[in-house]
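Containing mmCIF, C-alpha atoms: structure38.cif.
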```cif
data_data
loop_
_atom_site.label_atom_id
_atom_site.label_comp_id
_atom_site.auth_asym_id
_atom_site.auth_seq_id
_atom_site.Cartn_x
_atom_site.Cartn_y
_atom_site.Cartn_z
CA MET L 1 155.41 77.22 -86.41
CA LEU L 2 159.14 76.75 -85.85
CA LEU L 3 161.05 79.88 -84.93
CA ARG L 4 164.64 80.31 -86.00
CA PRO L 5 167.04 80.86 -83.12
CA PRO L 6 168.40 84.38 -82.80
CA PRO L 7 171.71 84.98 -84.57
CA PRO L 8 174.90 84.60 -82.55
CA ALA L 9 176.17 87.75 -80.90
CA VAL L 10 178.78 89.67 -82.88
CA SER L 11 182.21 88.54 -81.75
CA PRO L 12 184.33 90.86 -79.59
CA PRO L 13 186.69 92.90 -81.77
CA ARG L 14 190.05 91.28 -82.42
CA PRO L 15 193.19 93.35 -81.80
CA VAL L 16 194.30 95.25 -84.89
CA GLY L 17 197.60 93.99 -86.27
CA ALA L 18 197.92 90.92 -84.02
CA ARG L 19 199.87 87.95 -85.40
CA ARG L 20 198.03 84.63 -85.31
CA MET L 21 198.56 80.97 -86.15
CA TRP L 22 196.34 79.32 -88.77
CA PRO L 23 195.81 75.82 -90.16
CA ARG L 24 197.87 74.85 -93.17
CA SER L 25 194.78 74.57 -95.39
CA PHE L 26 191.24 75.95 -95.55
CA ALA L 27 190.05 73.39 -98.10
CA ASP L 28 187.46 72.18 -95.61
CA ARG L 29 185.66 75.53 -96.10
CA LEU L 30 184.96 74.88 -99.79
CA THR L 31 181.26 74.64 -100.62
CA SER L 32 181.88 73.08 -104.06
CA PRO L 33 184.69 70.84 -105.32
CA LEU L 34 187.41 72.55 -107.29
CA PRO L 35 187.59 71.76 -111.03
CA GLY L 36 189.19 68.39 -111.68
CA VAL L 37 191.00 66.86 -114.64
CA ARG L 38 187.81 66.34 -116.65
CA ALA L 39 186.74 69.97 -116.25
CA LEU L 40 190.17 71.23 -117.27
CA ALA L 41 190.17 68.91 -120.29
CA ARG L 42 186.75 70.19 -121.33
CA LEU L 43 187.94 73.77 -120.98
CA ALA L 44 190.95 72.99 -123.16
CA ARG L 45 188.69 71.46 -125.83
CA GLU L 46 186.32 74.42 -125.86
CA GLY L 47 189.11 76.98 -126.19
CA ALA L 48 189.74 80.36 -124.60
CA VAL L 49 187.16 81.75 -122.18
CA ARG L 50 186.54 85.02 -123.99
CA PRO L 51 183.59 86.81 -125.60
CA VAL L 52 183.32 86.43 -129.35
CA SER L 53 185.26 89.05 -131.30
CA SER L 54 182.14 90.67 -132.79
CA ALA L 55 180.80 91.38 -129.28
CA LEU L 56 184.14 92.84 -128.22
CA ALA L 57 184.25 95.22 -131.17
CA GLU L 58 180.64 96.36 -130.80
CA GLU L 59 180.22 96.54 -127.02
CA ILE L 60 183.52 97.61 -125.48
CA PRO L 61 183.11 101.22 -126.73
CA LYS L 62 179.67 101.30 -125.06
CA LEU L 63 180.81 100.23 -121.58
CA PRO L 64 179.77 102.92 -119.08
CA PHE L 65 182.65 105.11 -117.95
CA ALA L 66 181.86 108.43 -116.29
CA PRO L 67 184.48 109.55 -113.77
CA GLY L 68 183.47 112.55 -111.75
CA PRO L 69 184.48 114.47 -108.64
CA MET L 70 184.51 112.28 -105.58
CA PRO L 71 182.06 113.24 -102.84
CA ASP L 72 183.47 114.67 -99.62
CA PRO L 73 181.11 113.19 -97.02
CA GLY L 74 181.05 114.01 -93.34
CA PRO L 75 181.76 111.37 -90.68
CA ASP L 76 178.13 110.27 -90.47
CA THR L 77 177.65 109.92 -94.23
CA VAL L 78 178.45 106.85 -96.34
CA ALA L 79 179.62 107.28 -99.92
CA VAL L 80 181.00 104.87 -102.52
CA THR L 81 182.93 105.37 -105.74
CA TRP L 82 183.46 102.53 -108.22
CA ALA L 83 187.03 102.43 -109.52
CA GLY L 84 186.27 99.32 -111.60
CA HIS L 85 186.10 95.52 -111.16
CA ALA L 86 185.90 94.90 -107.37
CA SER L 87 187.73 98.10 -106.42
CA TRP L 88 185.66 100.64 -104.50
CA VAL L 89 186.47 103.75 -102.54
CA VAL L 90 184.18 103.47 -99.52
CA ARG L 91 183.82 106.52 -97.27
CA ILE L 92 182.33 105.44 -93.95
CA GLY L 93 182.61 106.69 -90.38
CA GLY L 94 185.18 109.30 -91.37
CA LEU L 95 187.42 106.65 -92.95
CA THR L 96 188.43 106.09 -96.57
CA VAL L 97 188.53 102.36 -97.26
CA LEU L 98 189.66 100.66 -100.49
CA THR L 99 188.24 97.27 -101.41
CA ASP L 100 190.40 94.83 -103.41
CA PRO L 101 192.34 97.73 -104.97
CA VAL L 102 193.55 97.02 -108.53
CA TRP L 103 194.88 100.14 -110.26
CA SER L 104 197.07 98.16 -112.70
CA ARG L 105 196.25 98.19 -116.39
CA LYS L 106 197.04 94.49 -116.70
CA ILE L 107 197.26 91.67 -114.19
CA LEU L 108 198.90 88.27 -114.48
CA GLY L 109 197.11 85.90 -116.84
CA THR L 110 194.37 88.38 -117.74
CA PRO L 111 193.76 90.60 -120.79
CA ALA L 112 194.29 94.31 -120.15
CA ARG L 113 191.41 96.25 -118.64
CA VAL L 114 188.86 97.51 -121.15
CA THR L 115 187.88 100.63 -119.18
CA PRO L 116 190.36 102.92 -117.43
CA VAL L 117 190.51 103.09 -113.66
CA GLY L 118 187.62 105.26 -112.52
CA VAL L 119 189.64 107.26 -109.97
CA ALA L 120 193.15 108.51 -110.61
CA TRP L 121 195.47 107.39 -107.82
CA GLN L 122 196.59 110.96 -107.16
CA ASP L 123 192.97 112.01 -106.66
CA LEU L 124 192.34 109.58 -103.81
CA PRO L 125 191.97 111.01 -100.32
CA THR L 126 194.29 109.59 -97.69
CA VAL L 127 193.59 105.86 -97.52
CA ASP L 128 192.79 104.83 -93.94
CA ALA L 129 192.35 101.10 -94.54
CA VAL L 130 192.23 98.39 -97.20
CA VAL L 131 190.11 95.23 -97.20
CA ILE L 132 191.08 92.19 -99.28
CA SER L 133 188.59 89.44 -100.10
CA HIS L 134 191.03 86.73 -101.29
CA ASN L 135 194.34 86.27 -103.02
CA HIS L 136 193.43 85.86 -106.71
CA TYR L 137 195.43 88.26 -108.87
CA ASP L 138 192.42 90.32 -109.97
CA HIS L 139 191.64 91.07 -106.29
CA LEU L 140 195.08 91.16 -104.65
CA ASP L 141 197.32 93.30 -106.84
CA ALA L 142 200.86 93.70 -105.53
CA PRO L 143 201.79 96.70 -107.76
CA THR L 144 198.78 98.64 -106.45
CA LEU L 145 199.50 97.82 -102.82
CA ARG L 146 203.10 99.01 -103.29
CA ARG L 147 201.71 102.50 -103.85
CA LEU L 148 200.41 102.63 -100.28
CA PRO L 149 202.33 103.72 -97.17
CA ARG L 150 203.47 100.58 -95.38
CA ASP L 151 201.67 101.56 -92.18
CA THR L 152 198.27 101.51 -93.95
CA PRO L 153 196.01 99.09 -92.01
CA LEU L 154 195.23 96.01 -94.10
CA PHE L 155 192.30 93.74 -93.22
CA VAL L 156 192.82 90.37 -94.88
CA PRO L 157 191.58 86.76 -94.76
CA ALA L 158 193.16 84.26 -92.40
CA GLY L 159 196.44 82.96 -93.77
CA LEU L 160 197.24 85.99 -95.92
CA GLY L 161 199.09 88.05 -93.32
CA GLY L 162 202.51 86.63 -94.10
CA TRP L 163 202.24 87.66 -97.76
CA CYS L 164 201.43 91.22 -96.69
CA ARG L 165 204.15 91.46 -94.05
CA LYS L 166 206.78 90.21 -96.51
CA ARG L 167 205.93 93.30 -98.55
CA GLY L 168 206.58 95.60 -95.62
CA PHE L 169 203.09 96.23 -94.26
CA THR L 170 203.18 96.69 -90.50
CA THR L 171 199.48 96.75 -89.53
CA VAL L 172 197.95 93.59 -90.94
CA THR L 173 194.82 92.14 -89.34
CA GLU L 174 193.96 88.57 -90.34
CA LEU L 175 190.44 87.41 -89.57
CA ASP L 176 188.50 84.18 -89.73
CA TRP L 177 184.87 84.08 -90.85
CA TRP L 178 182.54 85.86 -88.41
CA GLU L 179 185.40 87.73 -86.74
CA GLY L 180 185.70 91.51 -86.67
CA ALA L 181 188.05 94.32 -85.73
CA GLU L 182 187.59 98.06 -85.24
CA LEU L 183 189.41 101.12 -86.48
CA PRO L 184 188.91 104.64 -85.10
CA SER L 185 188.54 107.78 -87.15
CA PRO L 186 191.95 109.31 -87.82
CA ALA L 187 193.18 111.15 -84.72
CA GLY L 188 193.24 114.87 -85.23
CA SER L 189 191.37 114.61 -88.51
CA SER L 190 188.56 116.97 -89.37
CA ARG L 191 186.55 113.76 -89.78
CA ALA L 192 187.27 112.49 -86.29
CA GLN L 193 183.98 111.72 -84.60
CA PRO L 194 183.01 113.14 -81.21
CA GLY L 195 183.18 110.43 -78.57
CA GLY L 196 185.68 108.33 -80.51
CA GLY L 197 183.76 107.09 -83.53
CA ARG L 198 184.87 103.72 -84.90
CA VAL L 199 184.22 101.57 -87.94
CA ARG L 200 183.91 97.82 -87.51
CA PHE L 201 185.30 95.44 -90.14
CA ASP L 202 183.67 91.99 -90.10
CA PHE L 203 184.93 89.16 -92.30
CA VAL L 204 182.11 86.96 -93.60
CA PRO L 205 181.96 83.76 -95.70
CA ALA L 206 181.80 83.49 -99.48
CA HIS L 207 181.38 80.65 -101.95
CA HIS L 208 184.80 80.78 -103.55
CA TRP L 209 188.40 79.57 -103.08
CA SER L 210 191.98 80.85 -103.05
CA LYS L 211 195.12 80.22 -105.07
CA ARG L 212 198.06 82.35 -106.14
CA SER L 213 200.68 79.80 -107.16
CA LEU L 214 200.96 76.12 -108.00
CA THR L 215 201.46 75.13 -104.38
CA ASP L 216 199.15 77.33 -102.29
CA THR L 217 195.61 76.22 -103.18
CA CYS L 218 193.28 77.13 -100.28
CA ARG L 219 196.22 77.99 -98.00
CA SER L 220 194.48 81.28 -97.18
CA LEU L 221 190.79 81.96 -96.63
CA TRP L 222 188.34 83.88 -98.84
CA GLY L 223 185.26 85.94 -98.02
CA GLY L 224 183.54 89.31 -97.97
CA TRP L 225 183.41 92.25 -95.57
CA VAL L 226 180.69 94.07 -93.65
CA LEU L 227 181.65 97.62 -92.69
CA THR L 228 179.56 99.18 -89.93
CA ASP L 229 179.77 102.73 -88.56
CA ARG L 230 178.69 103.96 -85.14
CA HIS L 231 175.12 104.52 -86.36
CA LYS L 232 174.87 100.92 -87.66
CA GLN L 233 175.01 102.06 -91.26
CA ARG L 234 176.32 99.02 -93.11
CA VAL L 235 178.04 98.33 -96.41
CA TYR L 236 178.55 94.72 -97.50
CA PHE L 237 181.36 94.00 -99.95
CA ALA L 238 181.00 90.49 -101.36
CA GLY L 239 184.41 90.14 -102.99
CA ASP L 240 184.19 87.13 -105.32
CA THR L 241 181.47 84.56 -104.71
CA GLY L 242 179.02 82.11 -106.14
CA TYR L 243 175.41 81.99 -105.00
CA GLY L 244 174.48 79.98 -101.94
CA HIS L 245 173.33 79.78 -98.35
CA TRP L 246 175.87 82.21 -96.92
CA PHE L 247 173.94 85.29 -98.06
CA GLY L 248 170.95 84.51 -95.88
CA GLU L 249 173.18 83.86 -92.89
CA ILE L 250 175.11 87.10 -93.39
CA GLY L 251 171.84 89.01 -93.51
CA ARG L 252 170.66 87.26 -90.34
CA ARG L 253 173.81 88.16 -88.42
CA PHE L 254 174.10 91.68 -89.81
CA PRO L 255 170.58 93.05 -90.22
CA GLY L 256 169.93 96.36 -91.89
CA ILE L 257 172.57 96.30 -94.63
CA ASP L 258 172.21 99.64 -96.42
CA LEU L 259 174.23 98.79 -99.51
CA ALA L 260 175.44 95.48 -100.98
CA LEU L 261 178.35 95.59 -103.43
CA LEU L 262 177.72 92.40 -105.42
CA PRO L 263 179.46 90.79 -108.42
CA ILE L 264 177.46 90.30 -111.61
CA GLY L 265 180.10 89.33 -114.20
CA ALA L 266 182.53 86.55 -115.19
CA TYR L 267 179.79 83.89 -115.13
CA ASP L 268 179.97 82.01 -118.45
CA PRO L 269 180.37 79.11 -119.03
CA ARG L 270 178.04 78.26 -116.16
CA TRP L 271 179.14 74.62 -115.98
CA MET L 272 182.52 75.89 -114.78
CA LEU L 273 181.85 79.22 -113.05
CA ARG L 274 178.51 78.73 -111.29
CA PRO L 275 180.07 77.63 -107.96
CA VAL L 276 182.34 80.67 -107.70
CA HIS L 277 180.73 83.59 -109.60
CA THR L 278 177.14 84.81 -109.33
CA ASP L 279 175.35 85.68 -112.54
CA PRO L 280 173.16 88.82 -112.56
CA GLU L 281 169.96 87.02 -111.56
CA GLU L 282 171.73 85.28 -108.68
CA ALA L 283 173.20 88.60 -107.54
CA VAL L 284 169.72 90.11 -107.26
CA ARG L 285 168.57 87.04 -105.34
CA ALA L 286 171.61 87.39 -103.06
CA CYS L 287 170.69 91.02 -102.37
CA GLN L 288 167.23 89.89 -101.31
CA ASP L 289 168.65 87.09 -99.14
CA LEU L 290 170.88 89.64 -97.42
CA GLY L 291 167.93 91.91 -96.72
CA ALA L 292 169.99 94.73 -98.22
CA ARG L 293 168.14 97.89 -99.15
CA ARG L 294 170.34 98.76 -102.14
CA MET L 295 172.63 96.93 -104.52
CA ALA L 296 175.60 98.21 -106.50
CA PRO L 297 176.82 95.79 -109.19
CA MET L 298 180.55 95.20 -109.66
CA HIS L 299 182.99 92.66 -111.16
CA TRP L 300 182.11 93.49 -114.75
CA SER L 301 183.06 96.12 -117.37
CA THR L 302 186.75 96.08 -116.42
CA PHE L 303 188.59 92.78 -116.99
CA LEU L 304 186.93 90.39 -119.45
CA LEU L 305 187.43 87.06 -117.70
CA SER L 306 184.74 84.88 -119.28
CA GLU L 307 182.52 84.23 -122.30
CA GLU L 308 179.52 86.53 -121.82
CA PRO L 309 179.34 89.65 -124.02
CA PRO L 310 180.70 92.74 -122.21
CA LEU L 311 177.36 94.54 -121.81
CA GLU L 312 175.23 91.50 -121.00
CA PRO L 313 175.71 91.65 -117.20
CA LEU L 314 174.23 95.15 -117.06
CA THR L 315 171.25 94.26 -119.27
CA ARG L 316 170.49 91.14 -117.26
CA VAL L 317 170.84 92.70 -113.80
CA ARG L 318 168.44 95.50 -114.76
CA ALA L 319 165.93 92.96 -116.06
CA ALA L 320 166.27 90.81 -112.93
CA TRP L 321 165.77 93.86 -110.70
CA ARG L 322 162.58 94.77 -112.58
CA LYS L 323 161.32 91.20 -112.42
CA ALA L 324 161.85 91.17 -108.66
CA GLU L 325 159.73 94.38 -108.49
CA LEU L 326 162.38 96.21 -106.49
CA PRO L 327 162.57 100.03 -106.46
CA ARG L 328 164.60 101.21 -109.44
CA GLU L 329 166.35 103.87 -107.39
CA ASP L 330 167.82 101.16 -105.15
CA LEU L 331 169.80 99.59 -108.00
CA TRP L 332 173.00 101.62 -108.12
CA ASP L 333 174.21 100.43 -111.54
CA LEU L 334 177.05 102.93 -111.68
CA PRO L 335 179.40 103.66 -114.55
CA VAL L 336 183.05 103.11 -113.75
CA GLY L 337 184.24 106.23 -111.93
CA ALA L 338 180.83 107.30 -110.62
CA SER L 339 179.80 107.82 -106.98
CA ARG L 340 176.71 107.65 -104.82
CA VAL L 341 176.06 109.02 -101.33
CA LEU L 342 173.87 107.57 -98.60
CA GLU L 343 172.13 110.26 -96.65
CA PRO L 344 173.20 110.37 -92.98
CA ALA L 345 171.13 108.15 -90.74
CA HIS L 346 171.45 110.68 -87.92
CA PRO L 347 171.72 114.25 -89.25
#
```
Let me see the file written as C-alpha cells.
Amino acid sequence: MLLRPPPPAVSPPRPVGARRMWPRSFADRLTSPLPGVRALARLAREGAVRPVSSALAEEIPKLPFAPGPMPDPGPDTVAVTWAGHASWVVRIGGLTVLTDPVWSRKILGTPARVTPVGVAWQDLPTVDAVVISHNHYDHLDAPTLRRLPRDTPLFVPAGLGGWCRKRGFTTVTELDWWEGAELPSPAGSSRAQPGGGRVRFDFVPAHHWSKRSLTDTCRSLWGGWVLTDRHKQRVYFAGDTGYGHWFGEIGRRFPGIDLALLPIGAYDPRWMLRPVHTDPEEAVRACQDLGARRMAPMHWSTFLLSEEPPLEPLTRVRAAWRKAELPREDLWDLPVGASRVLEPAHP
C-alpha cells in the first residue's frame, strides 16, 4: 500500500503590509482555459444568462432573509454571520473579519441584489481585517471598501495590492498560494487574548480566474482563505471556485477545518460555468474533500448571475447533503442575515 507523503509544513508568516514584486500574469495558474470566441458566440446566441421570468416572480419573494442580532463571542469562540453573496462577518480569535464585502445594492454589469444586505453597516462591530478572494466586481466592491478606515488591514491575492493602495489603504498584505500572515487581537481590546493571541490568514488555491477591465485578465491571483485561531479552530472561505483537486490538497495541508463557507450558486449553464462555479452537489463533495465538519452555503440568493431558478441551489444542496448521509445539523443553510456560533474548543 502506497502512503501519501505528509503535507508540507505551513510556511512562516509573511510580514503584514510588506510590498512585494509579482509576475505580470498569473495565467499559468489557470486550471481550465478561459472562454474563447466560440463560447462567447454561443452565449450571444442563447441570450441573457438569467432565470426565466416566471421563476423570478414566484421564487424571489421566498428567498430566505432573517436578519437578527449578531452574536458577541469571546476570543475563543468562532461565529459567522451571512451578509449575502460571498460576504460574511467572521468572528475569530477576538477579531472581526469581513470576507469579500459587498454592501452595494448594485454592482457593475449585474442586476440589483434581490435580498437586502443581511447586516446594516452601522451595526457592524469594528472591522479588524478584510480578506478578498479575487478582483471580480461581485467580490471586490470599491464603494464598500471606501466605507472602511484606510488603516484597516486588507489581505488580498498577489498582484492586487497596487489597486488597494491607490485607494488609500495603508496595511495591504499580498499573498501567493500557500502563504500566510498573522494578525494579533486588537491591543487593549476586551477581546485581546492572554499571551498574545493571533489569527493566521492563509491564502489557498481556487479553480477560478481574475479580470476587472479589458486589459488585466489574470494580472492578479485568485483563491480562498483559511483562518486559524490559537486553538486551531479553522474557517475556510472558498471565495469563487469550480470543483477540482485543490479541495483535497487544502484539506491535507489544513486538517480539522471546522466550517467551510462554500459557493452553491451561479452554475447554469454548466457548459460555461462548470470550470469556475461549483453547483450544489459539487459543493457538498468539496466539503467532504476538505474534511470539513460543517458547511455553510453562500454565493446564492443575492445577485442572480446565471440561469438556475433562485431557490434551486438551496433545494439541491439539501438533497445532496441528505444523499451523502451527512448530519443535518452540520449543514448551516442560513438565511441572509442569520448567524451561527461554534462552541469554544477550549472553554
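The two atoms in question, CA of Arg24 (chain L) and CA of Ala9 (chain L), are spaced 28.1 Å apart.
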Give me the residues within 7 Å of region 326-343 of chain L as an mmCIF file with C-alpha atoms, in the frame of the given file, counting only C-alpha atoms and dropping any in the same chain fewer than 6 places off.
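What landed in selection_1.cif:
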```
data_model
loop_
_atom_site.group_PDB
_atom_site.id
_atom_site.type_symbol
_atom_site.label_atom_id
_atom_site.label_comp_id
_atom_site.auth_asym_id
_atom_site.auth_seq_id
_atom_site.Cartn_x
_atom_site.Cartn_y
_atom_site.Cartn_z
ATOM 1 C CA PRO L 64 179.770 102.920 -119.080
ATOM 2 C CA PHE L 65 182.650 105.110 -117.950
ATOM 3 C CA ALA L 66 181.860 108.430 -116.290
ATOM 4 C CA PRO L 67 184.480 109.550 -113.770
ATOM 5 C CA GLY L 68 183.470 112.550 -111.750
ATOM 6 C CA MET L 70 184.510 112.280 -105.580
ATOM 7 C CA THR L 77 177.650 109.920 -94.230
ATOM 8 C CA VAL L 78 178.450 106.850 -96.340
ATOM 9 C CA ALA L 79 179.620 107.280 -99.920
ATOM 10 C CA VAL L 80 181.000 104.870 -102.520
ATOM 11 C CA THR L 81 182.930 105.370 -105.740
ATOM 12 C CA TRP L 82 183.460 102.530 -108.220
ATOM 13 C CA ALA L 83 187.030 102.430 -109.520
ATOM 14 C CA GLY L 84 186.270 99.320 -111.600
ATOM 15 C CA GLY L 118 187.620 105.260 -112.520
ATOM 16 C CA VAL L 119 189.640 107.260 -109.970
ATOM 17 C CA ARG L 293 168.140 97.890 -99.150
ATOM 18 C CA ARG L 294 170.340 98.760 -102.140
ATOM 19 C CA MET L 295 172.630 96.930 -104.520
ATOM 20 C CA ALA L 296 175.600 98.210 -106.500
ATOM 21 C CA PRO L 297 176.820 95.790 -109.190
#
```
What separates CA of Asp229 (chain L) and CA of Thr96 (chain L) is a distance of 12.3 Å
Please evaluate the PyMOL selection byres ((chain L and resi 221) around 12) against the structure above and give the resulting residues as a PyMOL selection string. chain L and resi 22-30+132-136+156-161+174-177+203-212+216-220+222-224
Just-selected residues, C-alpha atoms written as a PDB file, keeping the file's coordinate frame:
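part01.pdb was written with the following content:
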```pdb
ATOM      1  CA  TRP L  22     196.340  79.320 -88.770  1.00  0.00           C
ATOM      2  CA  PRO L  23     195.810  75.820 -90.160  1.00  0.00           C
ATOM      3  CA  ARG L  24     197.870  74.850 -93.170  1.00  0.00           C
ATOM      4  CA  SER L  25     194.780  74.570 -95.390  1.00  0.00           C
ATOM      5  CA  PHE L  26     191.240  75.950 -95.550  1.00  0.00           C
ATOM      6  CA  ALA L  27     190.050  73.390 -98.100  1.00  0.00           C
ATOM      7  CA  ASP L  28     187.460  72.180 -95.610  1.00  0.00           C
ATOM      8  CA  ARG L  29     185.660  75.530 -96.100  1.00  0.00           C
ATOM      9  CA  LEU L  30     184.960  74.880 -99.790  1.00  0.00           C
ATOM     10  CA  ILE L 132     191.080  92.190 -99.280  1.00  0.00           C
ATOM     11  CA  SER L 133     188.590  89.440-100.100  1.00  0.00           C
ATOM     12  CA  HIS L 134     191.030  86.730-101.290  1.00  0.00           C
ATOM     13  CA  ASN L 135     194.340  86.270-103.020  1.00  0.00           C
ATOM     14  CA  HIS L 136     193.430  85.860-106.710  1.00  0.00           C
ATOM     15  CA  VAL L 156     192.820  90.370 -94.880  1.00  0.00           C
ATOM     16  CA  PRO L 157     191.580  86.760 -94.760  1.00  0.00           C
ATOM     17  CA  ALA L 158     193.160  84.260 -92.400  1.00  0.00           C
ATOM     18  CA  GLY L 159     196.440  82.960 -93.770  1.00  0.00           C
ATOM     19  CA  LEU L 160     197.240  85.990 -95.920  1.00  0.00           C
ATOM     20  CA  GLY L 161     199.090  88.050 -93.320  1.00  0.00           C
ATOM     21  CA  GLU L 174     193.960  88.570 -90.340  1.00  0.00           C
ATOM     22  CA  LEU L 175     190.440  87.410 -89.570  1.00  0.00           C
ATOM     23  CA  ASP L 176     188.500  84.180 -89.730  1.00  0.00           C
ATOM     24  CA  TRP L 177     184.870  84.080 -90.850  1.00  0.00           C
ATOM     25  CA  PHE L 203     184.930  89.160 -92.300  1.00  0.00           C
ATOM     26  CA  VAL L 204     182.110  86.960 -93.600  1.00  0.00           C
ATOM     27  CA  PRO L 205     181.960  83.760 -95.700  1.00  0.00           C
ATOM     28  CA  ALA L 206     181.800  83.490 -99.480  1.00  0.00           C
ATOM     29  CA  HIS L 207     181.380  80.650-101.950  1.00  0.00           C
ATOM     30  CA  HIS L 208     184.800  80.780-103.550  1.00  0.00           C
ATOM     31  CA  TRP L 209     188.400  79.570-103.080  1.00  0.00           C
ATOM     32  CA  SER L 210     191.980  80.850-103.050  1.00  0.00           C
ATOM     33  CA  LYS L 211     195.120  80.220-105.070  1.00  0.00           C
ATOM     34  CA  ARG L 212     198.060  82.350-106.140  1.00  0.00           C
ATOM     35  CA  ASP L 216     199.150  77.330-102.290  1.00  0.00           C
ATOM     36  CA  THR L 217     195.610  76.220-103.180  1.00  0.00           C
ATOM     37  CA  CYS L 218     193.280  77.130-100.280  1.00  0.00           C
ATOM     38  CA  ARG L 219     196.220  77.990 -98.000  1.00  0.00           C
ATOM     39  CA  SER L 220     194.480  81.280 -97.180  1.00  0.00           C
ATOM     40  CA  TRP L 222     188.340  83.880 -98.840  1.00  0.00           C
ATOM     41  CA  GLY L 223     185.260  85.940 -98.020  1.00  0.00           C
ATOM     42  CA  GLY L 224     183.540  89.310 -97.970  1.00  0.00           C
TER      43      GLY L 224
END
```
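Nearest to His245 (chain L) of all the residues L:Pro280, L:Ala260, L:Val226, L:Asp289 is L:Asp289, counting only C-alpha atoms.
Nearest to Ala181 (chain L) of all the residues L:Arg270, L:Arg167, L:Arg14, L:Arg150 is L:Arg14, counting only C-alpha atoms.
Residue nearest Glu307 (chain L), chosen from L:Pro8, L:Pro35, L:Pro51, L:Gly265 and counting only C-alpha atoms: L:Pro51.
Coordinates place CA of Trp178 (chain L) at a distance of 16.4 Å from CA of Thr241 (chain L).
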